[in-house]
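Trainee: One structure is given below, represented as structure tokens, and several questions about it will come after.
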Amino acid sequence: YPLCALAVSDERPVSTQSTWGDRSLASVVIHEITHSWTGNYVTNRGWTHFWLNEGWTMLVQRKIMERVSSKEVAEMDAFVCLESLNSSIKLMTENGKQEYTKLVPDLKDNDPDDAFSTVPYEKGFNFLYYLQSLVGGPKAFDPFIKAYIRVIWRKNLNFGRISKLFFLKVISSAKDTRLDEVDWNKWLYEAGPPRWQTNSTTASRKEVDDMVARARQPVF
């Protein structure tokens, strides 16, 4: 079930929830395991670039969800969390916290906790998913993910210092890319909702409700 909308409805321990058939915390387990690579092996230099931890982790998490559940489940997870992101950005803007709706906010003299929201997770995911769509989809983008981890592991970074140049170098060998369409500065430093949104899904809302209900059925 979407990480952004997760609600535990009973008093069983988290470990029991995730391992004894309910499966409502499967996405959380996947997310935290994924941080072994995107967060531990490759780490953002500071809180300003927190999206490098969480955006990458959300992307890889949903790729895993496609394998263990289905493409429809992963798509609807992204769709529901996008709705949550847009609502959060609207609320932050109304409360004068528009700076925190940027992928790379200016946190000078500010507590990073004040900026914590779904923005680094879901706006970061949408940015990476957008890049994936411009280079030909997962088949072209997945090798870059592996190279990103392998080459930049045990380094702390910000996107401008390493990731962008490395991405362009690795992905330049892919055919039919549309990277000239990317406005890097606006994606990274512009406040507001993502400039491009993963707003398509092959599953209807009723189908997703049914999938969620089936996922919550005990397996024993």
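The chains in the structure tokens are called A, B, ... from first to last as shown; in each chain the residues are counted from 1, and the ligands are counted from 1 in the order shown.
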Could I get the residues of range 109-130 of chain A with an atom no further than 12 Å from an atom of range 65-88 of chain A, each paired with its nearest atom pair and that distance in Å to one decimal, using only C-alpha atoms, sorted by chain and residue number, as a Markdown table?
Mentor:
| residue | atom | partner | partner_atom | distance |
| --- | --- | --- | --- | --- |
| A:Ala115 | CA | A:Ser88 | CA | 11.6 |
| A:Phe116 | CA | A:Ser88 | CA | 11.0 |
| A:Ser117 | CA | A:Ser88 | CA | 7.7 |
| A:Thr118 | CA | A:Leu85 | CA | 5.8 |
| A:Val119 | CA | A:Leu85 | CA | 6.5 |
| A:Pro120 | CA | A:Leu85 | CA | 9.8 |
| A:Tyr121 | CA | A:Leu85 | CA | 8.9 |
| A:Glu122 | CA | A:Leu85 | CA | 6.5 |
| A:Lys123 | CA | A:Leu85 | CA | 7.5 |
| A:Gly124 | CA | A:Leu85 | CA | 10.8 |
| A:Phe125 | CA | A:Ala78 | CA | 8.6 |
| A:Asn126 | CA | A:Leu82 | CA | 8.6 |
| A:Tyr129 | CA | A:Ala78 | CA | 10.3 |
Trainee: Those same residues, written as a CSV table (one decimal), in the first residue's frame with N, CA, C and O atoms?
Mentor:
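Result saved to out-v3.csv:
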chain,number,residue,atom,x,y,z
A,115,ALA,N,11.7,21.4,6.9
A,115,ALA,CA,11.5,21.2,5.5
A,115,ALA,C,11.1,19.8,5.1
A,115,ALA,O,10.8,19.5,4.0
A,116,PHE,N,11.0,18.9,6.2
A,116,PHE,CA,10.7,17.5,5.9
A,116,PHE,C,9.3,17.4,5.4
A,116,PHE,O,8.3,17.9,6.0
A,117,SER,N,9.1,16.7,4.3
A,117,SER,CA,7.8,16.5,3.6
A,117,SER,C,7.9,15.4,2.6
A,117,SER,O,8.9,14.7,2.5
A,118,THR,N,6.9,15.3,1.8
A,118,THR,CA,6.9,14.3,0.7
A,118,THR,C,7.7,14.8,-0.5
A,118,THR,O,7.9,14.0,-1.5
A,119,VAL,N,8.1,16.0,-0.5
A,119,VAL,CA,8.7,16.6,-1.7
A,119,VAL,C,10.0,15.8,-2.1
A,119,VAL,O,10.1,15.5,-3.3
A,120,PRO,N,11.0,15.6,-1.2
A,120,PRO,CA,12.2,14.9,-1.7
A,120,PRO,C,11.8,13.5,-2.1
A,120,PRO,O,12.5,12.9,-3.0
A,121,TYR,N,10.8,12.9,-1.6
A,121,TYR,CA,10.4,11.5,-2.0
A,121,TYR,C,9.7,11.5,-3.4
A,121,TYR,O,10.2,10.8,-4.3
A,122,GLU,N,8.6,12.3,-3.5
A,122,GLU,CA,7.7,12.1,-4.6
A,122,GLU,C,8.1,13.1,-5.8
A,122,GLU,O,8.0,12.7,-6.9
A,123,LYS,N,8.5,14.3,-5.4
A,123,LYS,CA,9.0,15.2,-6.5
A,123,LYS,C,10.3,14.6,-7.1
A,123,LYS,O,10.6,14.7,-8.3
A,124,GLY,N,11.2,14.1,-6.2
A,124,GLY,CA,12.4,13.4,-6.6
A,124,GLY,C,12.1,12.2,-7.5
A,124,GLY,O,12.7,12.0,-8.5
A,125,PHE,N,11.1,11.4,-7.1
A,125,PHE,CA,10.7,10.3,-7.9
A,125,PHE,C,10.2,10.7,-9.3
A,125,PHE,O,10.6,10.1,-10.3
A,126,ASN,N,9.4,11.7,-9.3
A,126,ASN,CA,8.9,12.2,-10.6
A,126,ASN,C,9.9,12.7,-11.5
A,126,ASN,O,9.9,12.6,-12.8
A,129,TYR,N,11.8,9.6,-12.8
A,129,TYR,CA,10.9,8.9,-13.8
A,129,TYR,C,10.8,9.7,-15.1
A,129,TYR,O,10.7,9.0,-16.2
Trainee: Can you pull out every residue within 12 Å of Asp183 in chain A, counting only C-alpha atoms, but drop anything in the same chain fewer than 3 positions away, and send it as a PyMOL selection string?
Mentor: chain A and resi 127+130-131+178-180+186-190+194-196
Trainee: Store the residues of this selection in a file with all heavy atoms, as a short mmCIF file (atom, residue, chain, number, x, y, z; two decimals), in the first residue's frame.
Mentor:
data_model
loop_
_atom_site.label_atom_id
_atom_site.label_comp_id
_atom_site.auth_asym_id
_atom_site.auth_seq_id
_atom_site.Cartn_x
_atom_site.Cartn_y
_atom_site.Cartn_z
N PHE A 127 10.96 13.38 -10.95
CA PHE A 127 12.08 13.87 -11.76
C PHE A 127 12.84 12.71 -12.39
O PHE A 127 13.12 12.69 -13.59
CB PHE A 127 13.01 14.72 -10.89
CG PHE A 127 14.20 15.28 -11.62
CD1 PHE A 127 14.09 15.73 -12.93
CD2 PHE A 127 15.43 15.38 -10.99
CE1 PHE A 127 15.19 16.27 -13.61
CE2 PHE A 127 16.53 15.91 -11.65
CZ PHE A 127 16.41 16.35 -12.97
N TYR A 130 10.77 10.97 -14.98
CA TYR A 130 10.77 11.83 -16.18
C TYR A 130 12.04 11.60 -16.99
O TYR A 130 11.98 11.41 -18.22
CB TYR A 130 10.65 13.28 -15.73
CG TYR A 130 10.94 14.32 -16.79
CD1 TYR A 130 10.10 14.49 -17.89
CD2 TYR A 130 12.04 15.17 -16.67
CE1 TYR A 130 10.36 15.47 -18.85
CE2 TYR A 130 12.31 16.14 -17.61
CZ TYR A 130 11.46 16.28 -18.71
OH TYR A 130 11.73 17.24 -19.65
N LEU A 131 13.20 11.59 -16.33
CA LEU A 131 14.46 11.33 -17.04
C LEU A 131 14.42 9.95 -17.71
O LEU A 131 14.86 9.78 -18.85
CB LEU A 131 15.64 11.42 -16.08
CG LEU A 131 15.94 12.80 -15.48
CD1 LEU A 131 17.11 12.70 -14.50
CD2 LEU A 131 16.25 13.81 -16.57
N ARG A 178 15.97 12.28 -25.38
CA ARG A 178 15.42 13.63 -25.55
C ARG A 178 15.88 14.51 -24.40
O ARG A 178 15.14 15.31 -23.87
CB ARG A 178 13.90 13.56 -25.62
CG ARG A 178 13.40 12.84 -26.85
CD ARG A 178 11.96 12.35 -26.76
NE ARG A 178 11.10 13.16 -25.93
CZ ARG A 178 10.20 12.64 -25.09
NH1 ARG A 178 10.10 11.34 -24.94
NH2 ARG A 178 9.43 13.43 -24.37
N LEU A 179 17.15 14.34 -24.02
CA LEU A 179 17.65 15.05 -22.85
C LEU A 179 17.77 16.55 -23.06
O LEU A 179 17.88 17.31 -22.10
CB LEU A 179 19.01 14.48 -22.44
CG LEU A 179 18.96 13.04 -21.91
CD1 LEU A 179 20.36 12.54 -21.60
CD2 LEU A 179 18.09 12.95 -20.66
N ASP A 180 17.74 16.99 -24.32
CA ASP A 180 17.78 18.42 -24.57
C ASP A 180 16.51 19.11 -24.09
O ASP A 180 16.44 20.34 -23.99
CB ASP A 180 18.00 18.70 -26.07
CG ASP A 180 16.94 18.05 -26.95
OD1 ASP A 180 16.40 16.99 -26.56
OD2 ASP A 180 16.65 18.60 -28.03
N LYS A 186 15.28 24.47 -13.46
CA LYS A 186 13.90 24.60 -12.99
C LYS A 186 13.46 23.36 -12.22
O LYS A 186 12.76 23.47 -11.21
CB LYS A 186 12.97 24.87 -14.18
CG LYS A 186 13.10 26.29 -14.71
CD LYS A 186 12.04 26.62 -15.74
CE LYS A 186 12.13 28.08 -16.15
NZ LYS A 186 11.09 28.45 -17.16
N TRP A 187 13.86 22.20 -12.68
CA TRP A 187 13.51 20.98 -11.96
C TRP A 187 14.10 21.00 -10.55
O TRP A 187 13.44 20.62 -9.58
CB TRP A 187 14.03 19.75 -12.70
CG TRP A 187 13.01 19.07 -13.54
CD1 TRP A 187 12.90 19.09 -14.90
CD2 TRP A 187 11.93 18.25 -13.08
NE1 TRP A 187 11.83 18.33 -15.31
CE2 TRP A 187 11.22 17.80 -14.22
CE3 TRP A 187 11.50 17.83 -11.82
CZ2 TRP A 187 10.09 16.97 -14.13
CZ3 TRP A 187 10.38 17.01 -11.73
CH2 TRP A 187 9.69 16.59 -12.87
N LEU A 188 15.34 21.45 -10.42
CA LEU A 188 16.02 21.39 -9.13
C LEU A 188 15.67 22.56 -8.21
O LEU A 188 15.57 22.38 -7.00
CB LEU A 188 17.53 21.35 -9.34
CG LEU A 188 18.07 20.10 -10.04
CD1 LEU A 188 19.55 20.28 -10.39
CD2 LEU A 188 17.87 18.86 -9.18
N TYR A 189 15.48 23.74 -8.78
CA TYR A 189 15.39 24.94 -7.94
C TYR A 189 14.07 25.69 -8.04
O TYR A 189 13.90 26.71 -7.38
CB TYR A 189 16.53 25.90 -8.31
CG TYR A 189 17.89 25.25 -8.19
CD1 TYR A 189 18.65 24.95 -9.32
CD2 TYR A 189 18.41 24.89 -6.94
CE1 TYR A 189 19.90 24.34 -9.21
CE2 TYR A 189 19.65 24.27 -6.82
CZ TYR A 189 20.38 24.00 -7.97
OH TYR A 189 21.61 23.38 -7.86
N GLU A 190 13.13 25.19 -8.82
CA GLU A 190 11.83 25.86 -8.94
C GLU A 190 10.86 25.32 -7.90
O GLU A 190 10.76 24.11 -7.69
CB GLU A 190 11.26 25.64 -10.34
CG GLU A 190 9.96 26.38 -10.61
CD GLU A 190 9.48 26.19 -12.03
OE1 GLU A 190 9.01 25.08 -12.36
OE2 GLU A 190 9.58 27.14 -12.83
N PRO A 194 5.77 19.09 -9.39
CA PRO A 194 6.69 18.62 -10.43
C PRO A 194 6.30 19.17 -11.79
O PRO A 194 5.12 19.30 -12.11
CB PRO A 194 6.53 17.10 -10.39
CG PRO A 194 5.98 16.80 -9.04
CD PRO A 194 5.15 17.97 -8.65
N ARG A 195 7.31 19.48 -12.60
CA ARG A 195 7.05 20.02 -13.93
C ARG A 195 6.45 18.97 -14.86
O ARG A 195 5.87 19.29 -15.88
CB ARG A 195 8.36 20.56 -14.52
CG ARG A 195 8.97 21.68 -13.71
CD ARG A 195 10.28 22.15 -14.31
NE ARG A 195 10.15 22.59 -15.68
CZ ARG A 195 9.69 23.78 -16.05
NH1 ARG A 195 9.31 24.65 -15.13
NH2 ARG A 195 9.61 24.11 -17.32
N TRP A 196 6.64 17.73 -14.53
CA TRP A 196 6.09 16.59 -15.29
C TRP A 196 5.64 15.58 -14.27
O TRP A 196 6.34 15.31 -13.30
CB TRP A 196 7.18 16.01 -16.19
CG TRP A 196 6.77 14.85 -17.06
CD1 TRP A 196 6.29 14.91 -18.34
CD2 TRP A 196 6.82 13.46 -16.74
NE1 TRP A 196 6.05 13.65 -18.83
CE2 TRP A 196 6.37 12.73 -17.86
CE3 TRP A 196 7.21 12.74 -15.60
CZ2 TRP A 196 6.28 11.34 -17.88
CZ3 TRP A 196 7.13 11.36 -15.61
CH2 TRP A 196 6.68 10.68 -16.74
#
Trainee: One decimal, Å: what's the distance from CA of Ala191 in chain A over to CA of Thr48 in chain A, could you say?
Mentor: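 Atom-to-atom, CA of Ala191 in chain A to CA of Thr48 in chain A, that is 13.9 Å.
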Trainee: Have a look at CA of Thr38 in chain A and CA of Leu103 in chain A and let me know their distance in Å, one decimal.
Mentor: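 Distance reported for this atom pair: 16.7 Å.
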Trainee: For a test of reading the model, state the distance in Å between CA of Arg62 in chain A and CA of Lys97 in chain A, rounded to one decimal.
Mentor: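 Between these atoms lies a distance of 28.8 Å.
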Trainee: Quick one: residues within 9 Å of Asp142 in chain A, only C-alpha atoms, excluding same-chain residues fewer than 5 positions away - as a list in words?
Mentor: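 In the requested form, the answer reads Gln132, Gly137 and Ala147 of chain A.
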Trainee: Any chance you could export the current selection's all heavy atoms as a PDB file, in the first residue's frame?
Mentor:
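And here's part.pdb as it stands now:
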ATOM      1  N   GLN A 132      13.889   8.972 -16.980  1.00  0.00           N
ATOM      2  CA  GLN A 132      13.774   7.627 -17.546  1.00  0.00           C
ATOM      3  C   GLN A 132      12.931   7.635 -18.813  1.00  0.00           C
ATOM      4  O   GLN A 132      13.254   6.965 -19.803  1.00  0.00           O
ATOM      5  CB  GLN A 132      13.156   6.682 -16.506  1.00  0.00           C
ATOM      6  CG  GLN A 132      12.902   5.279 -17.014  1.00  0.00           C
ATOM      7  CD  GLN A 132      12.362   4.364 -15.941  1.00  0.00           C
ATOM      8  OE1 GLN A 132      13.117   3.687 -15.262  1.00  0.00           O
ATOM      9  NE2 GLN A 132      11.040   4.326 -15.777  1.00  0.00           N
ATOM     10  N   GLY A 137      12.887   4.605 -21.494  1.00  0.00           N
ATOM     11  CA  GLY A 137      12.244   3.724 -20.534  1.00  0.00           C
ATOM     12  C   GLY A 137      13.218   2.918 -19.693  1.00  0.00           C
ATOM     13  O   GLY A 137      14.436   3.116 -19.747  1.00  0.00           O
ATOM     14  N   ALA A 147      25.149   1.487 -12.701  1.00  0.00           N
ATOM     15  CA  ALA A 147      26.423   2.198 -12.831  1.00  0.00           C
ATOM     16  C   ALA A 147      26.541   3.307 -11.788  1.00  0.00           C
ATOM     17  O   ALA A 147      27.617   3.541 -11.229  1.00  0.00           O
ATOM     18  CB  ALA A 147      26.547   2.779 -14.235  1.00  0.00           C
TER      19      ALA A 147
END
Trainee: May I ask which of the residues A:Ile152, A:Asn185, A:Leu91, A:Gln197 is the closest one to Val42 in chain A, counting only C-alpha atoms?
Mentor: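 Among the listed residues, A:Ile152 lies closest to Val42 in chain A.
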Trainee: Which residue is closest to Lys139 in chain A? Choose from A:Lys63, A:Trp56, A:Val29, A:Asn44 and count only C-alpha atoms.
Mentor: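 Counting only C-alpha atoms, the residue closest to Lys139 in chain A is A:Lys63.
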